[in-house]
Amino acid sequence: MTLTPTHEPPSDEVLREVALTRDEYHFAADLLDRPPNPVELGIIGGMWSEHCGYKHSRPLLGRLPSEGPHVLIGPGEENAGAVDIGHGLAIVMKVESHNHPSAVEPFQGAATGVGGILRDIFTMGARPIALLDSLRFGPLDDRRGRYLANGIVGGIGWYGNCMGVPTVGGEVQVSASYRGNPLVNAMCVGLIQHEQLTSAAASGAGNELILVGADTGRDGIHGATFASVDDPEASHRGVVQVGNPFMEKLLLEACLEVLQTTDAILGLQDLGATGLTSSSVESAGRGGTGVVLNLEHVARRAAGMTPYEVMLSESQERMLVVAARGRAHEVQRVFDKWGLHSDVIGEVTETGLLDVRDNGQSAATLPITMLTDAPTYTYPVERPAYLDEVGPLDLDALPEPDDPTSAFLQLLASPNIASRRPIYRQYDHMVGANTVIAPGGDAALLRIKGTPMAVALSTDGNGRTTYLDPFVGGAAAIAESARNVSCTGARPLAFTNCLNFGSPEQSAAYYQLSRAIDGMAAAARTLETPVISGNVSLYNESGGEAIWPTPVVGMLGVLDEAEWRCGMGFANDGDEIAVLGAGRPRLDGSEFLSIAHDLVAGQPEIDLVDEIAVQRLVRELIAGRLLSSAHDCSDGGLAVALAESAFAGGLGVQASDLPTSGRLDESLFGESQSRIVVSYPPLAAAAVAAAAATLSVPITPIGLVGGARLRIGPIDVPLARAEQAWSQGLELALAGHAPPG
Amino acid sequence: MTGQHFRARVTVQLNAGVNDPQGLTVRGSLHDLGFAEVREVRIGKLINIELAAASEAAAAERAEAMCRQLLVNPVIESFAIEALEPVADEVAQPA
Amino acid sequence: MTGQHFRARVTVQLNAGVNDPQGLTVRGSLHDLGFAEVREVRIGKLINIELAAASEAAAAERAEAMCRQLLVNPVIESFAIEALEPVADEVAQPA
Amino acid sequence: MNAAVVVFPGSNCDADTLHVLSNVAGMHARYAWHADTALDDVDLVVLPGGFSHGDYLRTGAMAARAPVMTAVRDHAARGRPVLGICNGFQILLEAGLLPGAMLLNDSTQFRCEWTHLRVESTQTPCTSAAGNGQVLRLPIAHAEGNFVIDPDGLAQLHDQDRVVFRYVSPDGKRSAVANPNGAIDDIAGICNAGRNVVGMMPHPERASEAALGGEDGRAIWDSLLAAAGA
Ligand SMILES: Nc1ncnc2c1ncn2[C@@H]1O[C@H](COP(=O)(O)OP(=O)(O)O)[C@@H](O)[C@H]1O
Ligand SMILES: [Mg+2]
């Protein structure tokens with residue numbers, strides 16, 4: 001073995017390139033009892049990056065509840081988590097960020113983010129049935145903001161559409177906090193029979209490692225470390241990744257076909273961040289084994305690549321397959337049928353080592369456990385001072401709107417409230433022939449063919465709320481996603497999440513991260529929805545300032561009888577409308593406060609006991625077939641929730657005598673958690689009231705469905721006029737035109 | 001409208017090393033069709049712009065500004081203004 | 001592999017009279033950016049093909065066959081082989 | 001009735017189409033692989049939607065040159081029905097089995113949304129059981145559905161009653177806003193001179209079950225079944 005010892009400790013510049021601190025370097029050298037060579041240094045840096053090693057977040061993530069009767073595969077075990085949904089079926093899901101690449105090349109950055117999360121799902125053997133995308137953009141009145149937003153949406157659509165996986169939901173929020181650092185979180189959901197769940201473990205010495213898919217180029221080298229340092233553009237050195245959804249589609253079909261037609265595959269792992277490095281190390285780590293890689297067998301796209309580059313390349317659309325000894329050809333035959341190139345590049349060993357060779361020469365030899373157990377860091381959790389500045393909200397200093405109708409129209413047209421259709425109509429949300437509730441509803445609902453069931457999916461997370469109170473923001477992300485799911489009638493079962501925060505080395509961001517996780521944990525315990533997978537994206541900063549702390553939760557629910565489903569649109573003239581829930585509307589942290597007064601202030605609240613009750617009630621009412629519609633009351637408050645149900649159903653609202661206590665703007669536009677707007681035929685009113693009483697959920701009748709106007713307290717406007725403001729708001733903003741009116 | 005009109009011919013190509021899935025796929029199809037001799041295919045864009053400008057130099061400067069501001073993302077692409085020639089001012093185009 | 005290698009540069013353009021939605025959109029964006037002088041934008045393709053052939057004439061013939069059989073849809077497009085030059089045979093590309 | 005759904009690498013509506021042909025329309029449907037050369041056993045060939053080769057170069061261009069297309073041509077030449085949906089329509093154009101070509105949508109964006117179509121000709125196996133002028137509500141999902149054809153070709157389509165579907169507003173009237181992609185003359189579907197090869201951009205297989213929001217797509221399957229029975 002000829003390891004060239006590097007006696008000279010590496011320069012600061014080299015350490016920065018591999019994103020290791022000097023202490024980490026010494027720690028690694030001590031573990032090895034020798035200095036790592038340059039290839040090893042790159043491998044260690046990649047594996048110990050936040051992206052792969054979770055060095056700042058791992059100690060905190062353990063607080064999230066991860067056990068439950070339905071959980072088949074929990075967080076950290078495989079590429080994605082899995083939940084039992086009955087009928088012998090499981091849902092596999094995960095969300096992942098591609099924030100930094102999307103800031104550099106929005107179209108390809110977002111597209112390859114979708115590609116990566118799809119691979120995480122089909123490595124489990126599951127067929128992807130849905131994608132969701134949670135997006136945060138900087139202001140759209142800024143040219144670069146629009147360029148990023150349009151590019152990101154285009155890239156997500158291109159990749160998902162081409163793959164034939166419907167993009168059925170997601171969210172979009174716009175705020176100055178994300179200028180220069182947009183967030184792109186992509187979630188994928190797969191369906192599989194329990195017994196077909198496939199592991200990503202490399203077990204059994206002598207079994208063969210096959211690399212299949214795209215040739216390896218110099219793409220995205222240092223993608224993982226580049227997601228772990230503050231200034232992505234300056235530190236970015238590798239070539240930007242360009243995705244190939246067509247090849248990914250071939251990979252998907254070929255992998256599923258091999259799994260179904262032979263038992264020669266023992267493990268399946270995609271190549272994501274740090275490419276061959278993390279895929280081989282993680283597979284070996286799961287199997288408790290070692291691996292030998294012979295790099296000369298890796299097909300290259302570029303001439304003259306070094307072992308360092310081959311090990312760290314992040315070329316997309318590649319998979320590592322563990323095939324039973326002597327059976328690689330059975331697997332490769334199927335890849336050939338799909339026109340995919342594959343090579344046997346190594347084998348599983350019992351050494352516990354990552355043993356990388358290039359033409360017989362040793363290039364790196366590192367213990368697997370050293371690579372999978374990155375050092376972790378914890379810091380004191382100190383409440384940052386800014387919270388005392390933004391917390392108090394002096395309502396008396398704020399005039400109430402003179403003209404509530406025009407304030408309402410302005411709110412409807414604002415990019416955070418206006419219709420998302422300009423985005424989701426660019427996504428094929430119907431392919432697969434399962435989409436029962438398409439984007440635009442509270443949660444997407446997909447039927448499960450061959451069963452009476454459907455699954456509901458929603459992603460939620462509010463950066464502004466989390467900024468004002470990280471604990472409440474974390475809890476609200478869980479509560480709101482579960483509430484959206486409950487509004488279709490489905491029972492929330494489990495969630496995945498992506499934590500988008502600033503640098504954990506800054507005490508404010510660390511506090512936000514820690515408290516948001518505490519809030520998520522509290523809500524998840526109360527709602528009995530364990531976490532099954534997730535991803536962490538730290539160092540999100542824009543202009544030297546951390547983004548708003550943005551936990552994104554992707555919730556899964558199950559509806560036993562798809563036929564029971566409830567939509568958000570008003571359905572019948574004359575139906576009664578009521579608000580369910582105890583939440584008192586407040587302007588704290590509301591969209592209205594930000595639009596009308598340019599204020600981000602206040603103390604958002606959540607009561608988890610109210611939350612669980614209102615969700616249980618709405619599900620019971622839906623299962624009892626009592627409701628015509630149910631809609632979560634969130635951004636923009638009651639007036640906006642009523643308008644959205646009206647637009648969805650094409651029917652107006654008569655709620656002229658809105659019960660008000662206190663300020664009018666509060667009751668119209670105030671936001672609070674735990675409220676749901678429902679409608680039902682007058683004949684059902686008594687039963688609805690009785691059910692609410694049984695669960696001790698306050699119910700407030702507010703008016704009737706009907707007519708061609710929106711009459712909400714003092715607001716009075718033709719439905720068509722309001723709908724125009726709402727449907728054009730985001731479209732015009734994305735096109736660079738001022739909102740109407 | 002003062003000044004002349006010019007036609008600028010801009011080519012945009014993926015930078016060396018950047019993956020070109022389209023080129024790779026087309027190469028595969030050419031192989032399937034029997035063109036086994038094809039070693040590599042890379043696909044770029046050809047953008048023809050007709051613009052008004054006071055002089056050829058001014059037109060070139062503007063075309064270059066368009067490339068930098070909109071037509072090209074330097075992270076993955078590079079461009080060349082390959083030709084720039086005056087055009088006879090025929091029928092005006094709709095705005 | 002016998003013979004030499006050539007690089008063919010093929011341009012493909014939409015025929016005159018065929019609508020070019022992408023060109024129109026780019027023109028609109030250029031106007032929004034303040035490039036009011038832009039009269040027309042039309043977008044085509046640039047296809048660079050590296051192929052083995054016994055002679056330049058043979059290479060040209062094959063490149064033209066590729067255009068006719070796959071690369072160009074004559075219903076809406078026309079093409080030109082703009083350049084064809086021998087390339088030094090460096091490191092072989094992977095298949 | 002026996003049907004084959006042709007699978008190209010990158011087809012992605014193949015499973016949906018097979019599902020509807022088998023479970024909704026009650027046909028005996030099977031897949032055919034793009035490298036297959038025999039389709040003799042089937043009455044109907046459907047080219048489904050998707051991105052047959054990533055839609056690189058030109059949508060449908062590479063698929064149109066696949067081995068299976070020889071069999072599709074033979075099938076068509078025998079007067080048997082061929083239906084191309086979305087990417088399938090694009091492939092039929094590239095293969096020369098239907099006239100014209102597709103350009104990028106005038107919005108330059110992919111569009112997935114419900115549209116309304118008017119049945120312009122019932123003289124095809126895909127529309128024989130529909131009413132003339134009947135309005136069908138079907139979804140589209142494509143980036144390149146902006147149909148173009150030269151003036152002579154268009155005149156021929158008119159003269160020979162070969163425009164099968166046009167985009168219209170819900171009340172059946174033609175209007176600029178009802179046309180989702182800029183297609184010439186609001187054309188959403190056409191047939192060949194023999195009338196047995198039909199291409200359409202909207203997806204009837206996505207609108208054949210009430211749970212998915214509409215059943216107007218059944219008009220196509222009902223027609224095919226009726227035409228086969230006749
Ligand atoms: N925020 C989180 N909550 C729960 N689990 C998480 C979270 N972040 C990461 N995990 C889990 O840690 C494991 C490692 O994640 P990751 O490195 O993102 O996977 P990959 O190797 O596919 O990139 C995964 O199983 C993931 O589900
Ligand atoms: Mg993974």
# chains A, B, ... in the order shown; residues from 1 in each chain; ligands from 1
$ residues_near_ligand --ligand "ligand 2" --cutoff "8 Å" --atoms "only C-alpha atoms and all ligand atoms" --output "list in words"
Glu78, Asn79, Ala80, Gly116, Ile117, Arg119, Asp120, Gln269, Asp270, Leu271, Gly272 and Ser279 of chain A
$ residues_near_ligand --ligand "ligand 1" --cutoff "6 Å" --atoms "only C-alpha atoms and all ligand atoms" --output "list in words"
Cys52, Leu61, Pro75, Gly76, Glu77, Glu78, Asn79, Ala80, Asp120, Asn497, Cys498, Leu499, Val531, Ser533, Gly534, Asn535 and Val536 of chain A
$ write_last_selection --atoms "all heavy atoms" --output "compact mmCIF listing (two decimals), in the first residue's frame"
# COMPACT_ATOMS: atom_id res chain seq x y z
N CYS A 52 -23.93 15.99 4.80
CA CYS A 52 -23.87 14.54 4.98
C CYS A 52 -23.75 14.15 6.45
O CYS A 52 -24.24 13.11 6.85
CB CYS A 52 -22.69 13.95 4.23
SG CYS A 52 -22.83 14.10 2.46
N LEU A 61 -31.87 16.83 16.37
CA LEU A 61 -32.93 16.11 15.65
C LEU A 61 -33.51 14.96 16.47
O LEU A 61 -34.66 14.56 16.27
CB LEU A 61 -32.39 15.57 14.32
CG LEU A 61 -32.08 16.62 13.27
CD1 LEU A 61 -31.42 15.98 12.05
CD2 LEU A 61 -33.34 17.37 12.86
N PRO A 75 -36.42 7.83 10.64
CA PRO A 75 -35.38 8.72 10.13
C PRO A 75 -33.99 8.12 10.32
O PRO A 75 -33.72 7.46 11.30
CB PRO A 75 -35.54 9.99 10.96
CG PRO A 75 -36.34 9.61 12.14
CD PRO A 75 -37.18 8.44 11.74
N GLY A 76 -33.13 8.36 9.37
CA GLY A 76 -31.74 7.97 9.52
C GLY A 76 -31.46 6.54 9.11
O GLY A 76 -30.31 6.15 8.97
N GLU A 77 -32.50 5.73 8.92
CA GLU A 77 -32.25 4.32 8.63
C GLU A 77 -31.93 4.07 7.15
O GLU A 77 -31.06 3.28 6.83
CB GLU A 77 -33.46 3.46 9.03
CG GLU A 77 -33.72 3.45 10.54
CD GLU A 77 -35.02 2.72 10.88
OE1 GLU A 77 -35.35 1.74 10.18
OE2 GLU A 77 -35.71 3.13 11.83
N GLU A 78 -32.69 4.70 6.30
CA GLU A 78 -32.54 4.45 4.86
C GLU A 78 -32.61 5.79 4.12
O GLU A 78 -32.64 6.83 4.74
CB GLU A 78 -33.66 3.51 4.38
CG GLU A 78 -33.59 2.09 4.95
CD GLU A 78 -32.47 1.24 4.33
OE1 GLU A 78 -31.87 1.69 3.34
OE2 GLU A 78 -32.20 0.15 4.87
N ASN A 79 -32.70 5.73 2.80
CA ASN A 79 -32.76 6.97 2.03
C ASN A 79 -34.03 7.77 2.28
O ASN A 79 -34.08 8.96 2.01
CB ASN A 79 -32.64 6.68 0.54
CG ASN A 79 -31.20 6.39 0.17
OD1 ASN A 79 -30.30 7.16 0.51
ND2 ASN A 79 -30.97 5.30 -0.50
N ALA A 80 -35.08 7.10 2.72
CA ALA A 80 -36.33 7.79 3.02
C ALA A 80 -37.06 6.95 4.07
O ALA A 80 -36.74 5.78 4.27
CB ALA A 80 -37.18 7.92 1.75
N ASP A 120 -34.05 9.19 -4.13
CA ASP A 120 -34.15 8.71 -2.75
C ASP A 120 -35.36 7.81 -2.58
O ASP A 120 -35.36 6.91 -1.75
CB ASP A 120 -34.27 9.90 -1.78
CG ASP A 120 -32.90 10.43 -1.35
OD1 ASP A 120 -31.95 9.62 -1.33
OD2 ASP A 120 -32.79 11.62 -1.04
N ASN A 497 -39.50 16.34 6.91
CA ASN A 497 -39.27 17.77 7.09
C ASN A 497 -37.94 18.20 6.55
O ASN A 497 -37.01 17.41 6.41
CB ASN A 497 -39.36 18.14 8.57
CG ASN A 497 -38.15 17.62 9.33
OD1 ASN A 497 -37.26 18.39 9.67
ND2 ASN A 497 -38.09 16.33 9.58
N CYS A 498 -37.84 19.49 6.25
CA CYS A 498 -36.56 20.08 5.86
C CYS A 498 -36.38 21.35 6.69
O CYS A 498 -37.26 22.21 6.72
CB CYS A 498 -36.54 20.41 4.37
SG CYS A 498 -34.92 20.97 3.84
N LEU A 499 -35.26 21.44 7.36
CA LEU A 499 -35.01 22.58 8.25
C LEU A 499 -34.05 23.54 7.55
O LEU A 499 -32.88 23.25 7.38
CB LEU A 499 -34.40 22.08 9.56
CG LEU A 499 -35.28 21.08 10.31
CD1 LEU A 499 -34.55 20.48 11.51
CD2 LEU A 499 -36.58 21.76 10.76
N VAL A 531 -41.98 11.72 13.01
CA VAL A 531 -41.14 12.07 11.86
C VAL A 531 -40.59 10.77 11.28
O VAL A 531 -40.25 9.85 12.02
CB VAL A 531 -39.99 12.99 12.30
CG1 VAL A 531 -39.04 12.31 13.28
CG2 VAL A 531 -39.20 13.48 11.09
N SER A 533 -38.52 11.05 8.17
CA SER A 533 -37.35 11.38 7.36
C SER A 533 -37.20 12.88 7.31
O SER A 533 -38.09 13.61 7.76
CB SER A 533 -37.50 10.84 5.93
OG SER A 533 -38.64 11.41 5.33
N GLY A 534 -36.11 13.35 6.76
CA GLY A 534 -35.94 14.78 6.65
C GLY A 534 -34.56 15.15 6.17
O GLY A 534 -33.79 14.28 5.75
N ASN A 535 -34.32 16.43 6.22
CA ASN A 535 -33.08 16.96 5.66
C ASN A 535 -32.85 18.31 6.33
O ASN A 535 -33.80 18.96 6.76
CB ASN A 535 -33.27 17.09 4.14
CG ASN A 535 -32.12 17.77 3.46
OD1 ASN A 535 -32.30 18.80 2.81
ND2 ASN A 535 -30.94 17.23 3.58
N VAL A 536 -31.60 18.70 6.44
CA VAL A 536 -31.26 19.96 7.08
C VAL A 536 -30.46 20.81 6.11
O VAL A 536 -29.54 20.31 5.47
CB VAL A 536 -30.42 19.69 8.35
CG1 VAL A 536 -29.92 21.00 8.94
CG2 VAL A 536 -31.24 18.93 9.38
$ residues_around --residues "Pro151 in chain D" --least-positions-apart "5" --cutoff "12 Å" --atoms "only C-alpha atoms" --output "list in words"
Gly17 and Val18 of chain C; Pro99, Gly100, Gln156, Leu157, His158, Ile184 and Asp185 of chain D
$ interface_residues --of "chain A" --to "chain D" --cutoff "10 Å" --atoms "only C-alpha atoms" --output "short mmCIF file (atom, residue, chain, number, x, y, z; two decimals) with N, CA, C and O atoms, in the first residue's frame"
data_model
loop_
_atom_site.label_atom_id
_atom_site.label_comp_id
_atom_site.auth_asym_id
_atom_site.auth_seq_id
_atom_site.Cartn_x
_atom_site.Cartn_y
_atom_site.Cartn_z
N GLY A 154 -39.68 26.70 -13.43
CA GLY A 154 -39.48 26.02 -14.71
C GLY A 154 -38.71 24.72 -14.54
O GLY A 154 -39.05 23.69 -15.12
N GLY A 157 -40.81 21.99 -12.82
CA GLY A 157 -41.80 21.45 -13.75
C GLY A 157 -41.16 20.55 -14.78
O GLY A 157 -41.61 19.43 -15.03
N TRP A 158 -40.06 21.01 -15.35
CA TRP A 158 -39.41 20.25 -16.42
C TRP A 158 -39.06 18.84 -15.94
O TRP A 158 -39.39 17.85 -16.60
N TYR A 159 -38.42 18.77 -14.78
CA TYR A 159 -37.95 17.46 -14.32
C TYR A 159 -39.12 16.54 -13.96
O TYR A 159 -39.19 15.40 -14.40
N ASN A 161 -42.33 16.79 -14.79
CA ASN A 161 -43.21 16.52 -15.93
C ASN A 161 -42.63 15.42 -16.80
O ASN A 161 -43.32 14.51 -17.25
N CYS A 162 -41.34 15.54 -17.05
CA CYS A 162 -40.68 14.59 -17.92
C CYS A 162 -40.67 13.20 -17.28
O CYS A 162 -40.86 12.19 -17.97
N MET A 163 -40.50 13.15 -15.97
CA MET A 163 -40.49 11.86 -15.26
C MET A 163 -41.87 11.23 -15.21
O MET A 163 -42.00 10.04 -14.90
N GLY A 164 -42.91 12.02 -15.41
CA GLY A 164 -44.25 11.47 -15.28
C GLY A 164 -44.65 11.25 -13.84
O GLY A 164 -45.45 10.37 -13.53
N VAL A 165 -44.09 12.06 -12.95
CA VAL A 165 -44.52 12.03 -11.54
C VAL A 165 -45.25 13.35 -11.30
O VAL A 165 -44.68 14.42 -11.52
N ASN A 244 -30.77 15.43 -16.28
CA ASN A 244 -31.26 14.69 -17.44
C ASN A 244 -32.44 13.82 -17.00
O ASN A 244 -32.27 12.64 -16.71
N PRO A 245 -33.62 14.42 -16.94
CA PRO A 245 -34.77 13.65 -16.45
C PRO A 245 -35.07 12.43 -17.30
O PRO A 245 -35.61 11.45 -16.80
N PHE A 246 -34.72 12.50 -18.56
CA PHE A 246 -34.97 11.34 -19.43
C PHE A 246 -34.15 10.16 -18.94
O PHE A 246 -34.66 9.04 -18.83
N MET A 247 -32.88 10.41 -18.61
CA MET A 247 -32.08 9.30 -18.10
C MET A 247 -32.60 8.82 -16.75
O MET A 247 -32.60 7.63 -16.45
N GLU A 248 -33.07 9.75 -15.94
CA GLU A 248 -33.60 9.36 -14.64
C GLU A 248 -34.85 8.47 -14.80
O GLU A 248 -35.06 7.54 -14.05
N LYS A 249 -35.64 8.80 -15.78
CA LYS A 249 -36.83 7.99 -16.05
C LYS A 249 -36.40 6.56 -16.42
O LYS A 249 -36.99 5.58 -15.97
N LEU A 250 -35.35 6.45 -17.23
CA LEU A 250 -34.85 5.12 -17.59
C LEU A 250 -34.33 4.40 -16.35
O LEU A 250 -34.58 3.20 -16.16
N GLU A 253 -37.33 3.17 -14.23
CA GLU A 253 -38.00 1.98 -14.77
C GLU A 253 -37.08 0.76 -14.69
O GLU A 253 -37.53 -0.34 -14.36
N LYS A 337 -31.28 -3.26 -21.46
CA LYS A 337 -32.56 -3.16 -22.15
C LYS A 337 -33.05 -1.72 -22.15
O LYS A 337 -33.62 -1.25 -23.13
N TRP A 338 -32.82 -1.03 -21.05
CA TRP A 338 -33.26 0.37 -20.96
C TRP A 338 -32.22 1.34 -21.51
O TRP A 338 -32.35 2.55 -21.35
N GLY A 339 -31.19 0.81 -22.15
CA GLY A 339 -30.20 1.69 -22.78
C GLY A 339 -29.30 2.40 -21.78
O GLY A 339 -28.78 3.48 -22.07
N ARG A 421 -52.00 29.22 -9.13
CA ARG A 421 -52.18 28.55 -10.41
C ARG A 421 -51.11 28.89 -11.44
O ARG A 421 -50.68 28.00 -12.19
N PRO A 422 -50.63 30.15 -11.51
CA PRO A 422 -49.57 30.43 -12.49
C PRO A 422 -48.36 29.52 -12.30
O PRO A 422 -47.61 29.30 -13.23
N ILE A 423 -48.19 28.99 -11.13
CA ILE A 423 -47.09 28.06 -10.89
C ILE A 423 -47.53 26.62 -11.17
O ILE A 423 -46.92 25.92 -11.97
N TYR A 424 -48.61 26.18 -10.55
CA TYR A 424 -48.90 24.74 -10.66
C TYR A 424 -49.47 24.35 -12.02
O TYR A 424 -49.47 23.17 -12.35
N ARG A 425 -49.91 25.29 -12.81
CA ARG A 425 -50.33 24.88 -14.15
C ARG A 425 -49.12 24.57 -15.03
O ARG A 425 -49.26 24.05 -16.13
N GLN A 426 -47.93 24.93 -14.56
CA GLN A 426 -46.71 24.53 -15.27
C GLN A 426 -46.25 23.13 -14.85
O GLN A 426 -45.26 22.62 -15.36
N TYR A 427 -46.93 22.57 -13.87
CA TYR A 427 -46.59 21.23 -13.40
C TYR A 427 -47.67 20.25 -13.87
O TYR A 427 -48.86 20.52 -13.67
N ASP A 428 -47.24 19.12 -14.42
CA ASP A 428 -48.22 18.08 -14.70
C ASP A 428 -48.66 17.52 -13.35
O ASP A 428 -47.89 16.83 -12.69
N HIS A 429 -49.86 17.87 -12.93
CA HIS A 429 -50.31 17.39 -11.62
C HIS A 429 -51.33 16.26 -11.75
O HIS A 429 -51.91 15.83 -10.77
N MET A 430 -51.53 15.77 -12.98
CA MET A 430 -52.54 14.73 -13.19
C MET A 430 -51.97 13.41 -13.63
O MET A 430 -52.65 12.39 -13.53
N VAL A 431 -50.74 13.42 -14.16
CA VAL A 431 -50.19 12.17 -14.68
C VAL A 431 -50.17 11.13 -13.56
O VAL A 431 -49.96 11.46 -12.40
N GLY A 432 -50.43 9.90 -13.93
CA GLY A 432 -50.56 8.84 -12.93
C GLY A 432 -52.01 8.46 -12.70
O GLY A 432 -52.32 7.40 -12.18
N ALA A 433 -52.90 9.37 -13.11
CA ALA A 433 -54.34 9.12 -13.00
C ALA A 433 -54.76 8.75 -11.59
O ALA A 433 -55.51 7.81 -11.36
N ASN A 434 -54.22 9.49 -10.61
CA ASN A 434 -54.61 9.28 -9.21
C ASN A 434 -55.06 10.57 -8.53
O ASN A 434 -55.55 10.51 -7.40
N THR A 435 -54.85 11.72 -9.17
CA THR A 435 -55.03 12.99 -8.46
C THR A 435 -56.51 13.32 -8.30
O THR A 435 -57.17 13.73 -9.25
N VAL A 436 -56.99 13.13 -7.10
CA VAL A 436 -58.40 13.38 -6.80
C VAL A 436 -58.59 14.84 -6.39
O VAL A 436 -59.51 15.51 -6.83
N ILE A 437 -57.71 15.33 -5.52
CA ILE A 437 -57.71 16.77 -5.23
C ILE A 437 -56.38 17.32 -5.73
O ILE A 437 -55.30 16.94 -5.28
N ALA A 438 -56.47 18.20 -6.72
CA ALA A 438 -55.30 18.75 -7.41
C ALA A 438 -54.76 19.93 -6.62
O ALA A 438 -55.40 20.39 -5.67
N LEU A 446 -54.59 11.81 -3.32
CA LEU A 446 -54.35 10.84 -4.38
C LEU A 446 -55.02 9.53 -4.03
O LEU A 446 -54.82 9.02 -2.91
N ARG A 447 -55.77 9.00 -4.96
CA ARG A 447 -56.37 7.69 -4.71
C ARG A 447 -55.28 6.62 -4.80
O ARG A 447 -54.27 6.80 -5.49
N LYS A 449 -54.96 3.15 -6.24
CA LYS A 449 -55.70 2.21 -7.09
C LYS A 449 -55.72 0.82 -6.46
O LYS A 449 -54.74 0.40 -5.85
N ALA A 562 -61.91 7.01 -0.05
CA ALA A 562 -61.66 8.20 -0.87
C ALA A 562 -62.96 8.96 -1.15
O ALA A 562 -62.97 10.17 -1.29
N GLU A 563 -64.04 8.23 -1.19
CA GLU A 563 -65.33 8.85 -1.50
C GLU A 563 -65.80 9.85 -0.46
O GLU A 563 -66.65 10.68 -0.73
#
$ select_by_dssp --residues "range 522-668 of chain A" --states "alpha helix (DSSP H)" --output "PyMOL selection string"
chain A and resi 522-527+591-597+608-623+637-649+664-668
$ interface_residues --of "chain A" --to "chain B" --cutoff "10 Å" --atoms "only C-alpha atoms" --output "ChimeraX atom specification"
/A:104-105,108,147,214-220,238-247,301-303,315-316,339
$ atom_distance --atom1 "CA of Ala630 in chain A" --atom2 "CA of Met568 in chain A"
5.0 Å
$ interface_residues --of "chain B" --to "chain C" --cutoff "7 Å" --atoms "only C-alpha atoms" --output "MDAnalysis selection string"
chainID B and resid 37:52 93
$ residues_around --residues "Ala29 in chain D" --least-positions-apart "5" --cutoff "8 Å" --atoms "only C-alpha atoms" --output "PyMOL selection string"
chain D and resi 2-5+18+21-22
$ select_by_dssp --residues "range 358-557 of chain A" --states "strand (DSSP E)" --output "PyMOL selection string"
chain A and resi 358+361-367+435-437+444-447+454-460+491-500+531-537+541-542+545-546+550-557
$ residues_around --residues "range 704-718 of chain A" --least-positions-apart "3" --cutoff "6 Å" --atoms "only C-alpha atoms" --output "ChimeraX atom specification"
/A:404-405,573-577,651-658,721
$ residues_around --residues "Leu148 in chain A" --least-positions-apart "3" --cutoff "8 Å" --atoms "only C-alpha atoms" --output "ChimeraX atom specification"
/A:102-103,106-107,137,144-145,151-152,182
$ atom_distance --atom1 "CA of Leu15 in chain A" --atom2 "CA of Glu50 in chain A"
15.0 Å
